[in-house]
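Text of target.txt, listed as compact mmCIF, C-alpha atoms:
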```
# COMPACT_ATOMS: atom_id res chain seq x y z
CA MET A 6 141.36 -68.48 210.11
CA ASN A 7 142.94 -66.82 213.12
CA ILE A 8 146.60 -67.77 213.50
CA ARG A 9 148.43 -66.85 216.71
CA LYS A 10 151.86 -68.03 215.74
CA ILE A 11 153.88 -70.23 213.43
CA VAL A 12 156.46 -72.55 214.98
CA THR A 13 159.31 -74.15 213.05
CA VAL A 14 161.51 -76.95 214.40
CA VAL A 15 164.46 -78.44 212.54
CA GLU A 16 166.37 -81.35 214.05
CA GLU A 17 169.70 -82.32 212.57
CA LEU A 18 171.34 -85.51 213.80
CA LEU A 19 175.08 -85.93 213.29
CA GLU A 20 175.81 -89.01 215.38
CA GLU A 21 173.80 -92.07 216.35
CA GLY A 22 174.85 -95.24 218.11
CA GLY A 23 178.31 -93.77 218.54
CA ARG A 24 178.85 -93.49 214.79
CA PRO A 25 178.75 -90.46 212.53
CA VAL A 26 175.62 -89.83 210.47
CA SER A 27 176.79 -88.39 207.17
CA PRO A 28 175.14 -86.59 205.60
CA SER A 29 173.37 -85.51 208.77
CA ALA A 30 169.75 -86.66 209.19
CA ARG A 31 167.23 -83.83 209.01
CA VAL A 32 163.62 -83.66 210.16
CA ALA A 33 161.52 -80.50 210.05
CA VAL A 34 158.17 -79.55 211.57
CA VAL A 35 156.07 -76.46 210.95
CA ALA A 36 153.06 -75.86 213.19
CA ALA A 37 150.33 -73.24 213.08
CA VAL A 38 148.68 -72.35 216.37
CA ILE A 39 145.12 -71.37 215.42
CA GLU A 40 141.89 -70.50 217.11
CA ASN A 41 139.60 -73.55 217.16
CA PRO A 42 137.05 -72.66 214.44
CA TRP A 43 134.29 -74.28 216.51
CA ALA A 44 135.28 -72.76 219.86
CA GLY A 45 132.41 -71.62 222.03
CA GLN A 46 129.70 -73.04 219.75
CA GLY A 47 128.71 -76.07 221.81
CA PHE A 48 128.31 -79.35 219.94
CA VAL A 49 128.43 -78.57 216.23
CA GLU A 50 126.86 -81.38 214.23
CA ASP A 51 128.03 -80.37 210.78
CA LEU A 52 131.74 -79.67 210.66
CA ALA A 53 131.88 -79.31 206.87
CA PRO A 54 131.58 -75.52 206.68
CA GLY A 55 134.46 -75.09 209.15
CA ILE A 56 136.53 -77.64 207.23
CA ASP A 57 135.86 -75.84 203.94
CA ALA A 58 136.79 -72.51 205.49
CA ASN A 59 140.12 -73.64 206.97
CA ALA A 60 141.59 -76.99 205.92
CA SER A 61 142.82 -76.04 202.45
CA ASP A 62 144.29 -72.74 203.67
CA LEU A 63 146.19 -74.57 206.41
CA GLY A 64 147.59 -77.10 203.96
CA ALA A 65 148.62 -74.35 201.56
CA LEU A 66 150.37 -72.50 204.38
CA LEU A 67 152.18 -75.39 206.02
CA ALA A 68 153.25 -77.59 203.07
CA PRO A 69 155.69 -75.17 201.40
CA ALA A 70 156.89 -73.95 204.81
CA VAL A 71 157.91 -77.38 206.07
CA LEU A 72 159.69 -78.24 202.82
CA ASP A 73 161.50 -74.92 202.98
CA ALA A 74 162.54 -75.60 206.58
CA LEU A 75 163.76 -79.07 205.61
CA GLY A 76 165.82 -77.58 202.79
CA ASP A 77 165.78 -80.86 200.95
CA LYS A 78 163.49 -83.33 199.22
CA ALA A 79 161.12 -85.04 201.65
CA GLU A 80 161.30 -88.83 201.79
CA ALA A 81 158.97 -89.30 204.75
CA TYR A 82 156.14 -87.22 206.13
CA GLY A 83 153.41 -86.93 208.74
CA LYS A 84 150.86 -84.58 210.30
CA ALA A 85 149.40 -83.56 213.65
CA ALA A 86 146.36 -81.97 215.22
CA ILE A 87 146.64 -81.12 218.90
CA VAL A 88 143.38 -79.80 220.29
CA GLY A 89 143.16 -77.50 223.30
CA LEU A 90 141.26 -78.74 226.34
CA ASP A 91 137.95 -77.07 225.53
CA GLY A 92 137.72 -78.65 222.05
CA GLU A 93 136.92 -82.07 220.66
CA ILE A 94 139.56 -84.28 219.06
CA GLU A 95 137.03 -84.39 216.22
CA HIS A 96 137.78 -80.71 215.60
CA GLY A 97 141.45 -81.40 214.99
CA SER A 98 140.67 -84.48 212.94
CA ALA A 99 138.27 -82.42 210.85
CA LEU A 100 141.04 -80.09 209.79
CA ILE A 101 143.70 -82.69 208.92
CA HIS A 102 141.75 -85.75 207.78
CA THR A 103 140.59 -84.31 204.51
CA LEU A 104 142.21 -84.31 201.09
CA LYS A 105 141.70 -80.56 201.11
CA PHE A 106 144.48 -80.39 203.73
CA GLY A 107 146.80 -83.23 202.80
CA ASP A 108 146.84 -82.80 199.03
CA HIS A 109 148.86 -79.60 199.36
CA PHE A 110 151.67 -81.56 201.00
CA ARG A 111 151.33 -84.55 198.65
CA ASN A 112 151.53 -82.30 195.60
CA ALA A 113 154.43 -80.23 196.93
CA ALA A 114 156.42 -83.33 197.90
CA ASN A 115 155.46 -85.49 194.87
CA ALA A 116 153.99 -87.91 197.36
CA THR A 117 151.25 -90.48 196.96
CA THR A 118 150.61 -92.15 200.33
CA LEU A 119 148.27 -91.12 203.10
CA LEU A 120 149.90 -88.99 205.79
CA PRO A 121 150.28 -90.76 209.14
CA ALA A 122 148.88 -88.62 211.92
CA VAL A 123 148.67 -87.90 215.62
CA GLU A 124 145.47 -86.45 217.02
CA LYS A 125 145.51 -85.59 220.69
CA ARG A 126 143.92 -83.25 223.22
CA GLY A 127 146.08 -81.61 225.81
CA PRO A 128 147.13 -78.48 227.68
CA ALA A 129 149.63 -75.86 226.59
CA GLY A 130 153.10 -77.39 226.57
CA VAL A 131 151.87 -80.91 225.89
CA VAL A 132 154.50 -83.07 224.21
CA PHE A 133 153.37 -84.78 221.02
CA ASP A 134 155.02 -87.23 218.65
CA ILE A 135 154.37 -86.96 214.92
CA PRO A 136 154.70 -90.29 213.09
CA LEU A 137 156.33 -90.20 209.66
CA LYS A 138 156.24 -92.76 206.86
CA HIS A 139 157.65 -92.92 203.35
CA ILE A 140 155.96 -90.55 200.92
CA THR A 141 155.26 -93.10 198.17
CA ASP A 142 155.27 -96.48 199.93
CA ALA A 143 154.09 -96.69 203.52
CA THR A 144 155.53 -100.20 203.87
CA ILE A 145 159.14 -99.05 203.56
CA ARG A 146 160.39 -99.83 207.05
CA SER A 147 163.53 -97.73 206.96
CA HIS A 148 161.41 -94.58 206.91
CA HIS A 149 159.11 -95.34 209.87
CA GLN A 150 160.13 -92.69 212.40
CA THR A 151 158.76 -90.02 214.74
CA VAL A 152 159.62 -86.49 215.69
CA GLU A 153 158.76 -85.01 219.07
CA VAL A 154 157.41 -81.48 219.44
CA ARG A 155 156.46 -79.19 222.30
CA ILE A 156 155.21 -75.60 222.18
CA ALA A 157 155.48 -74.11 225.64
CA ASP A 158 152.32 -71.96 225.48
CA ALA A 159 150.11 -73.84 223.05
CA PRO A 160 147.45 -74.99 222.57
CA HIS A 161 145.32 -72.72 224.75
CA PRO A 162 141.99 -74.36 225.67
CA GLY A 163 140.30 -72.75 222.67
CA GLU A 164 143.09 -73.39 220.18
CA ILE A 165 144.33 -76.16 217.89
CA VAL A 166 147.93 -76.81 216.83
CA ILE A 167 148.06 -78.08 213.24
CA ALA A 168 151.47 -79.36 212.08
CA LEU A 169 153.23 -81.01 209.18
CA ALA A 170 156.50 -82.93 209.48
CA ALA A 171 159.01 -83.93 206.82
CA ALA A 172 162.19 -86.00 206.91
CA ALA A 173 164.89 -85.96 204.26
CA GLN A 174 165.77 -89.60 204.90
CA GLY A 175 164.84 -92.67 206.88
CA ARG A 176 166.07 -93.42 210.38
CA PRO A 177 169.76 -92.82 210.96
CA GLN A 178 171.66 -96.13 210.94
CA GLN A 179 168.52 -97.92 209.72
CA ARG A 180 169.30 -101.59 209.22
CA LEU A 181 166.09 -103.60 209.51
CA ALA A 182 165.18 -106.20 206.94
CA ALA A 183 162.47 -105.10 204.52
CA LEU A 184 158.89 -106.17 205.08
CA SER A 185 159.09 -108.32 201.94
CA THR A 186 161.67 -110.58 203.56
CA GLU A 187 159.04 -111.71 206.04
CA GLN A 188 156.24 -112.32 203.57
CA MET B 27 170.38 -74.64 207.57
CA GLN B 28 171.49 -75.81 204.18
CA GLU B 29 175.25 -75.82 204.43
CA ALA B 30 177.05 -78.92 205.47
CA ILE B 31 178.60 -78.80 208.91
CA ARG B 32 182.33 -79.04 208.75
CA GLU B 33 183.32 -82.54 209.76
CA SER B 34 186.27 -81.26 211.71
CA ALA B 35 184.05 -78.98 213.76
CA VAL B 36 181.71 -81.83 214.52
CA GLN B 37 184.52 -84.01 215.77
CA ALA B 38 186.19 -81.17 217.63
CA VAL B 39 183.16 -80.50 219.81
CA GLY B 40 181.59 -83.97 219.92
CA LEU B 41 178.38 -82.69 218.36
CA ARG B 42 175.51 -85.19 218.28
CA LYS B 43 172.55 -83.04 217.35
CA LEU B 44 171.41 -79.53 216.49
CA VAL B 45 167.85 -78.39 217.12
CA LEU B 46 166.51 -75.16 215.68
CA TYR B 47 163.29 -73.76 217.17
CA ARG B 48 161.63 -70.66 215.74
CA GLU B 49 158.41 -68.88 216.61
CA ALA B 50 156.85 -66.20 214.44
CA VAL B 51 154.10 -64.22 216.15
CA VAL B 52 151.12 -63.52 213.91
CA SER B 53 148.67 -62.27 216.51
CA GLU B 54 148.61 -62.01 220.28
CA ALA B 55 145.58 -61.59 222.53
CA GLY B 56 143.44 -61.16 219.46
CA SER B 57 145.34 -58.51 217.54
CA ARG B 58 148.39 -58.22 215.37
CA PRO B 59 151.35 -56.62 217.16
CA LEU B 60 152.77 -53.42 215.73
CA VAL B 61 156.11 -55.22 215.50
CA PRO B 62 155.50 -58.96 215.08
CA ALA B 63 158.79 -60.48 216.15
CA GLN B 64 160.38 -63.82 215.53
CA GLN B 65 162.29 -65.66 218.21
CA ALA B 66 164.67 -68.53 217.64
CA SER B 67 166.89 -70.82 219.64
CA VAL B 68 169.59 -73.18 218.48
CA ALA B 69 170.45 -76.05 220.81
CA ALA B 70 173.65 -78.04 220.28
CA VAL B 71 173.95 -81.39 222.02
CA ILE B 72 177.60 -82.23 222.69
CA ARG B 73 179.53 -84.78 224.69
CA ASN B 74 180.59 -83.29 228.01
CA PRO B 75 184.32 -82.88 227.37
CA TRP B 76 184.97 -83.07 231.13
CA ARG B 77 182.96 -86.24 231.80
CA GLY B 78 184.71 -88.33 234.40
CA THR B 79 186.92 -85.52 235.69
CA ASP B 80 186.93 -84.11 239.23
CA PRO B 81 186.58 -80.50 240.42
CA SER B 82 190.32 -79.97 240.49
CA THR B 83 190.31 -80.07 236.68
CA ASP B 84 191.30 -76.87 234.88
CA LEU B 85 188.51 -76.19 232.37
CA SER B 86 190.15 -73.38 230.44
CA ALA B 87 192.05 -75.19 227.69
CA VAL B 88 189.12 -77.29 226.52
CA SER B 89 186.76 -74.32 226.81
CA ARG B 90 189.11 -72.31 224.59
CA ARG B 91 189.07 -75.08 222.00
CA ILE B 92 185.35 -75.89 221.94
CA ALA B 93 183.44 -72.71 222.78
CA PRO B 94 184.52 -70.72 219.67
CA VAL B 95 183.40 -73.54 217.36
CA LEU B 96 179.99 -73.59 219.04
CA ALA B 97 179.69 -69.79 218.95
CA ARG B 98 180.34 -69.74 215.21
CA LEU B 99 178.14 -72.68 214.31
CA MET B 100 175.19 -71.67 216.49
CA THR B 101 175.14 -67.99 215.55
CA GLU B 102 175.28 -68.95 211.86
CA ARG B 103 172.15 -71.02 212.35
CA LEU B 104 170.43 -68.26 214.31
CA LEU B 105 171.14 -65.67 211.64
CA GLU B 106 169.94 -68.00 208.93
CA ALA B 107 166.70 -68.60 210.83
CA LEU B 108 166.03 -64.94 211.65
CA GLY B 109 167.10 -63.18 208.46
CA GLY B 110 170.56 -61.85 209.19
CA VAL B 111 172.47 -59.82 211.72
CA ASP B 112 170.55 -56.57 211.21
CA ALA B 113 167.28 -58.35 211.99
CA VAL B 114 168.50 -59.57 215.37
CA GLU B 115 167.63 -57.16 218.20
CA ALA B 116 167.82 -59.30 221.34
CA PHE B 117 169.91 -62.25 222.46
CA GLY B 118 170.42 -64.77 225.22
CA LYS B 119 172.19 -68.05 225.92
CA GLY B 120 171.93 -71.14 228.07
CA ALA B 121 173.26 -74.53 229.00
CA ILE B 122 171.69 -77.75 230.29
CA VAL B 123 174.27 -80.03 231.83
CA GLY B 124 173.54 -83.75 231.96
CA THR B 125 173.30 -85.30 235.39
CA ALA B 126 176.83 -86.74 235.35
CA GLY B 127 178.37 -83.29 234.91
CA GLU B 128 178.81 -80.10 236.92
CA ILE B 129 176.97 -76.84 236.28
CA GLU B 130 180.48 -75.44 236.11
CA HIS B 131 181.00 -77.42 232.90
CA GLY B 132 178.10 -75.60 231.26
CA GLY B 133 179.43 -72.31 232.55
CA ALA B 134 182.83 -73.08 231.05
CA LEU B 135 181.19 -73.29 227.64
CA ILE B 136 178.92 -70.23 227.75
CA HIS B 137 180.35 -67.79 230.31
CA THR B 138 183.86 -67.25 228.98
CA PRO B 139 184.91 -64.83 226.24
CA TYR B 140 185.51 -67.77 223.95
CA PHE B 141 181.74 -68.11 223.61
CA GLY B 142 180.22 -64.85 224.85
CA ASN B 143 182.51 -62.38 223.13
CA LEU B 144 182.26 -64.25 219.86
CA MET B 145 178.48 -64.61 220.02
CA ARG B 146 178.22 -60.88 220.74
CA GLU B 147 180.56 -60.11 217.83
CA PHE B 148 178.76 -62.41 215.36
CA LEU B 149 175.37 -60.94 216.32
CA ASP B 150 176.77 -57.39 216.29
CA GLY B 151 175.81 -56.64 219.88
CA GLU B 152 177.31 -54.77 222.81
CA SER B 153 175.35 -55.92 225.85
CA ILE B 154 176.29 -58.61 228.30
CA ILE B 155 174.40 -61.71 227.16
CA CYS B 156 171.82 -62.87 229.71
CA PHE B 157 171.54 -66.58 230.39
CA ALA B 158 169.89 -69.54 232.05
CA ASP B 159 171.48 -72.80 233.10
CA ALA B 160 170.39 -76.03 234.69
CA ARG B 161 171.46 -79.56 235.39
CA ALA B 162 168.71 -81.84 234.20
CA GLY B 163 167.64 -84.94 232.38
CA ALA B 164 166.89 -85.23 228.69
CA GLY B 165 163.78 -83.38 227.54
CA GLU B 166 163.85 -80.73 230.25
CA PRO B 167 162.69 -77.36 228.87
CA LEU B 168 165.02 -74.42 229.53
CA VAL B 169 163.45 -70.95 229.59
CA VAL B 170 166.16 -68.75 228.07
CA PRO B 171 166.00 -65.01 228.80
CA LEU B 172 166.74 -62.49 226.05
CA TRP B 173 167.37 -58.79 226.22
CA HIS B 174 168.38 -56.06 223.79
CA LYS B 175 171.73 -56.76 222.19
CA SER B 176 173.04 -53.21 222.46
CA ALA B 177 170.88 -51.60 225.16
CA ALA B 178 170.19 -54.28 227.75
CA ALA B 179 167.86 -52.12 229.88
CA THR B 180 165.38 -51.66 227.00
CA ARG B 181 162.33 -53.06 228.77
CA SER B 182 160.32 -53.82 225.63
CA HIS B 183 162.87 -56.45 224.71
CA TYR B 184 162.82 -58.42 227.98
CA GLN B 185 161.49 -61.76 226.80
CA THR B 186 162.14 -65.49 226.93
CA VAL B 187 162.16 -68.41 224.55
CA THR B 188 161.88 -72.03 225.66
CA ALA B 189 164.47 -74.47 224.33
CA ARG B 190 164.13 -78.22 224.61
CA VAL B 191 165.80 -81.28 223.15
CA PRO B 192 163.63 -84.40 223.56
CA ASP B 193 166.52 -86.85 223.98
CA GLY B 194 169.22 -84.59 225.37
CA PRO B 195 171.22 -84.07 227.41
CA ARG B 196 172.17 -87.60 228.27
CA PRO B 197 173.97 -87.77 231.65
CA ASP B 198 177.35 -87.28 229.98
CA GLU B 199 176.21 -84.58 227.54
CA ILE B 200 175.69 -80.81 227.60
CA VAL B 201 173.06 -78.89 225.64
CA VAL B 202 174.34 -75.43 224.74
CA VAL B 203 171.73 -72.87 223.65
CA ALA B 204 172.06 -69.64 221.70
CA ALA B 205 168.86 -67.62 221.26
CA ALA B 206 167.76 -64.38 219.64
CA SER B 207 164.73 -62.31 218.71
CA THR B 208 163.99 -59.82 215.94
CA GLY B 209 162.00 -57.46 218.10
CA PRO B 210 160.15 -56.64 221.32
CA ARG B 211 157.43 -58.55 223.13
CA PRO B 212 154.09 -58.43 221.35
CA HIS B 213 152.15 -55.38 222.59
CA ALA B 214 154.99 -54.21 224.88
CA ARG B 215 153.52 -51.38 226.96
CA ILE B 216 155.02 -51.27 230.44
CA GLY B 217 157.15 -48.20 229.99
CA ASP B 218 160.89 -47.93 230.29
CA ARG B 219 163.52 -46.71 232.71
CA LEU B 220 163.46 -43.37 230.94
CA THR B 221 159.74 -42.86 231.51
CA ASP B 222 159.36 -44.47 234.94
CA PRO B 223 158.45 -42.34 237.94
CA HIS B 224 160.94 -42.40 240.80
CA VAL B 225 159.52 -45.13 243.02
CA THR B 226 160.61 -45.67 246.61
CA SER B 227 158.88 -47.11 249.68
CA ASN B 228 158.17 -43.50 250.78
CA ASN B 229 156.14 -42.44 247.76
CA VAL B 230 154.17 -45.57 246.92
CA GLU B 231 150.62 -45.28 248.23
CA VAL B 232 150.23 -48.86 249.36
CA VAL B 233 153.25 -50.37 251.02
CA LEU B 234 152.89 -53.46 253.13
CA SER B 235 154.32 -52.92 256.57
```
Produce structure tokens that represent the structure in this file.
Amino acid sequence: MNIRKIVTVVEELLEEGGRPVSPSARVAVVAAVIENPWAGQGFVEDLAPGIDANASDLGALLAPAVLDALGDKAEAYGKAAIVGLDGEIEHGSALIHTLKFGDHFRNAANATTLLPAVEKRGPAGVVFDIPLKHITDATIRSHHQTVEVRIADAPHPGEIVIALAAAAQGRPQQRLAALSTEQ
Amino acid sequence: MQEAIRESAVQAVGLRKLVLYREAVVSEAGSRPLVPAQQASVAAVIRNPWRGTDPSTDLSAVSRRIAPVLARLMTERLLEALGGVDAVEAFGKGAIVGTAGEIEHGGALIHTPYFGNLMREFLDGESIICFADARAGAGEPLVVPLWHKSAAATRSHYQTVTARVPDGPRPDEIVVVAAASTGPRPHARIGDRLTDPHVTSNNVEVVLS
């Protein structure tokens, strides 16, 4: 796996709706900008060898890093694959939609749910939103949230940005009725 | 970024949000740099303390009250992200003023000694701190220049980092940015003032006339 750089973003919100948020709400993202493993190979029918060669290593790299950046226990999480213009969205999906990738994060965060994801193709500097949901119950409404990311010079056409996101809490000032109240 | 932010500081500067951005170079153009540097920026989104005032307003008192709090808070975050004051080799700063404010408001927060001198002191530098500023809407990227913290003309350390807050600044907010790097550009190789030939229009072979 050829990594060009590792990007870390930590957002800390101290006020929302004109009221203090205390303790402050924290969301962290760690992204690896990597060479697309299938770059320059034309249409590759069998993606499994490339998945086996990269997905687990990416999960092992990013999961502890995003929890470290968060500096707290994760309550919500999500993932992203942003494919450079010369690649297929299938390439990004291949790397993140496998237990080989996600289990690293689930194990590190004591999580059980599937990771919500964004898969997208775009130029360097494309803005992407990573959806996050609760780590053990994806129906918990208070924890549905997104974090927005932009890396000015990535992905290059032959690259993929692979990212994990973690939030230490639900939305600031969350006050929606639970799903169960409507069922 | 573990420590709690002092409530008083938050209220004193009208802080809504802090965004840390860090890039660690692993490889560049296919090979690992001799000195793989990390860059970081910290963006603080605050209420414009001069919102609703006109250009006759004296900015100095409020600047003296707010800028030192920002300098302390933001450099603490930078040092935490980059591994301490000895690791920091280059620095820069910036401001994005929301559309209801004046560029002068951003300047009042970053260009006076109450920010610049303190940032320089906390990062153990000597150089003037280079900067970028803009008036813009929320989500506008700001390319913040950095140069060497104690020898500004060190060409290897001329670099930039892009700071951006997705939902800031609102029209009545200001985003203040402090940025730093632990080393030079990857594969820096364009010489230096000390090694440059003396170039004038008389001794360059091709000069457009």
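Distance annotation: of A:Gly92, A:Ala122, A:Ala86, A:Ile145, the residue with the minimal separation from Thr186 (chain A) is A:Ile145; atom set is all atoms listed in the file.
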- Item | Check: which chain B residues lie within 8 Å of chain A using only C-alpha atoms, as an MDAnalysis selection string | chainID B and resid 27:28 30 36 41:54 188 192
- What's the 8 Å shell around Ile129 (chain B), counting all atoms listed in the file, without same-chain residues fewer than 3 positions away, as a ChimeraX atom specification? /B:123,132-133,159-161
Once you have the residues from the selection above, write them out as a compact mmCIF listing (two decimals), keeping the file's coordinate frame, restricted to C-alpha atoms.
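That gives us again15.txt:
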```
# COMPACT_ATOMS: atom_id res chain seq x y z
CA VAL B 123 174.27 -80.03 231.83
CA GLY B 132 178.10 -75.60 231.26
CA GLY B 133 179.43 -72.31 232.55
CA ASP B 159 171.48 -72.80 233.10
CA ALA B 160 170.39 -76.03 234.69
CA ARG B 161 171.46 -79.56 235.39
```
- If you measure from CA of His96 (chain A) to CA of Pro128 (chain A), what distance in Å do you get, rounded to one decimal? 15.4 Å
- Item | All residues 12 Å or closer to Arg196 (chain B), only C-alpha atoms, same chain fewer than 2 positions away omitted, as an MDAnalysis selection string | chainID B and resid 42:43 71:74 77 122:127 161:166 191:194 198:201
Give me a file of those residues, with C-alpha atoms, as a PDB file, keeping the file's coordinate frame.
```pdb
ATOM      1  CA  ARG B  42     175.510 -85.190 218.280  1.00  0.00           C
ATOM      2  CA  LYS B  43     172.550 -83.040 217.350  1.00  0.00           C
ATOM      3  CA  VAL B  71     173.950 -81.390 222.020  1.00  0.00           C
ATOM      4  CA  ILE B  72     177.600 -82.230 222.690  1.00  0.00           C
ATOM      5  CA  ARG B  73     179.530 -84.780 224.690  1.00  0.00           C
ATOM      6  CA  ASN B  74     180.590 -83.290 228.010  1.00  0.00           C
ATOM      7  CA  ARG B  77     182.960 -86.240 231.800  1.00  0.00           C
ATOM      8  CA  ILE B 122     171.690 -77.750 230.290  1.00  0.00           C
ATOM      9  CA  VAL B 123     174.270 -80.030 231.830  1.00  0.00           C
ATOM     10  CA  GLY B 124     173.540 -83.750 231.960  1.00  0.00           C
ATOM     11  CA  THR B 125     173.300 -85.300 235.390  1.00  0.00           C
ATOM     12  CA  ALA B 126     176.830 -86.740 235.350  1.00  0.00           C
ATOM     13  CA  GLY B 127     178.370 -83.290 234.910  1.00  0.00           C
ATOM     14  CA  ARG B 161     171.460 -79.560 235.390  1.00  0.00           C
ATOM     15  CA  ALA B 162     168.710 -81.840 234.200  1.00  0.00           C
ATOM     16  CA  GLY B 163     167.640 -84.940 232.380  1.00  0.00           C
ATOM     17  CA  ALA B 164     166.890 -85.230 228.690  1.00  0.00           C
ATOM     18  CA  GLY B 165     163.780 -83.380 227.540  1.00  0.00           C
ATOM     19  CA  GLU B 166     163.850 -80.730 230.250  1.00  0.00           C
ATOM     20  CA  VAL B 191     165.800 -81.280 223.150  1.00  0.00           C
ATOM     21  CA  PRO B 192     163.630 -84.400 223.560  1.00  0.00           C
ATOM     22  CA  ASP B 193     166.520 -86.850 223.980  1.00  0.00           C
ATOM     23  CA  GLY B 194     169.220 -84.590 225.370  1.00  0.00           C
ATOM     24  CA  ASP B 198     177.350 -87.280 229.980  1.00  0.00           C
ATOM     25  CA  GLU B 199     176.210 -84.580 227.540  1.00  0.00           C
ATOM     26  CA  ILE B 200     175.690 -80.810 227.600  1.00  0.00           C
ATOM     27  CA  VAL B 201     173.060 -78.890 225.640  1.00  0.00           C
TER      28      VAL B 201
END
```
- CA of Thr117 (chain A) to CA of Asp142 (chain A), distance in Å rounded to a single decimal: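 Separating CA of Thr117 (chain A) from CA of Asp142 (chain A) is a distance of 7.8 Å.
For Ala114 (chain A), the list of residues within 8 Å, based on all atoms listed in the file and with local chain neighbours fewer than 3 positions off taken out, reads Leu72, Lys78, Ala79, Phe110, Arg111 and Ile140 of chain A.
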- Using all atoms listed in the file, which residues sit within 12 Å of Leu52 (chain A) once same-chain residues fewer than 5 positions away are excluded, as a list in words?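 Residues near the query, excluding close chain neighbours: Asn41, Pro42, Trp43, Gln46, Asp57, Ala58, Asn59, Ala60, Glu93, Glu95, His96, Gly97, Ser98, Ala99, Leu100 and Thr103 of chain A.
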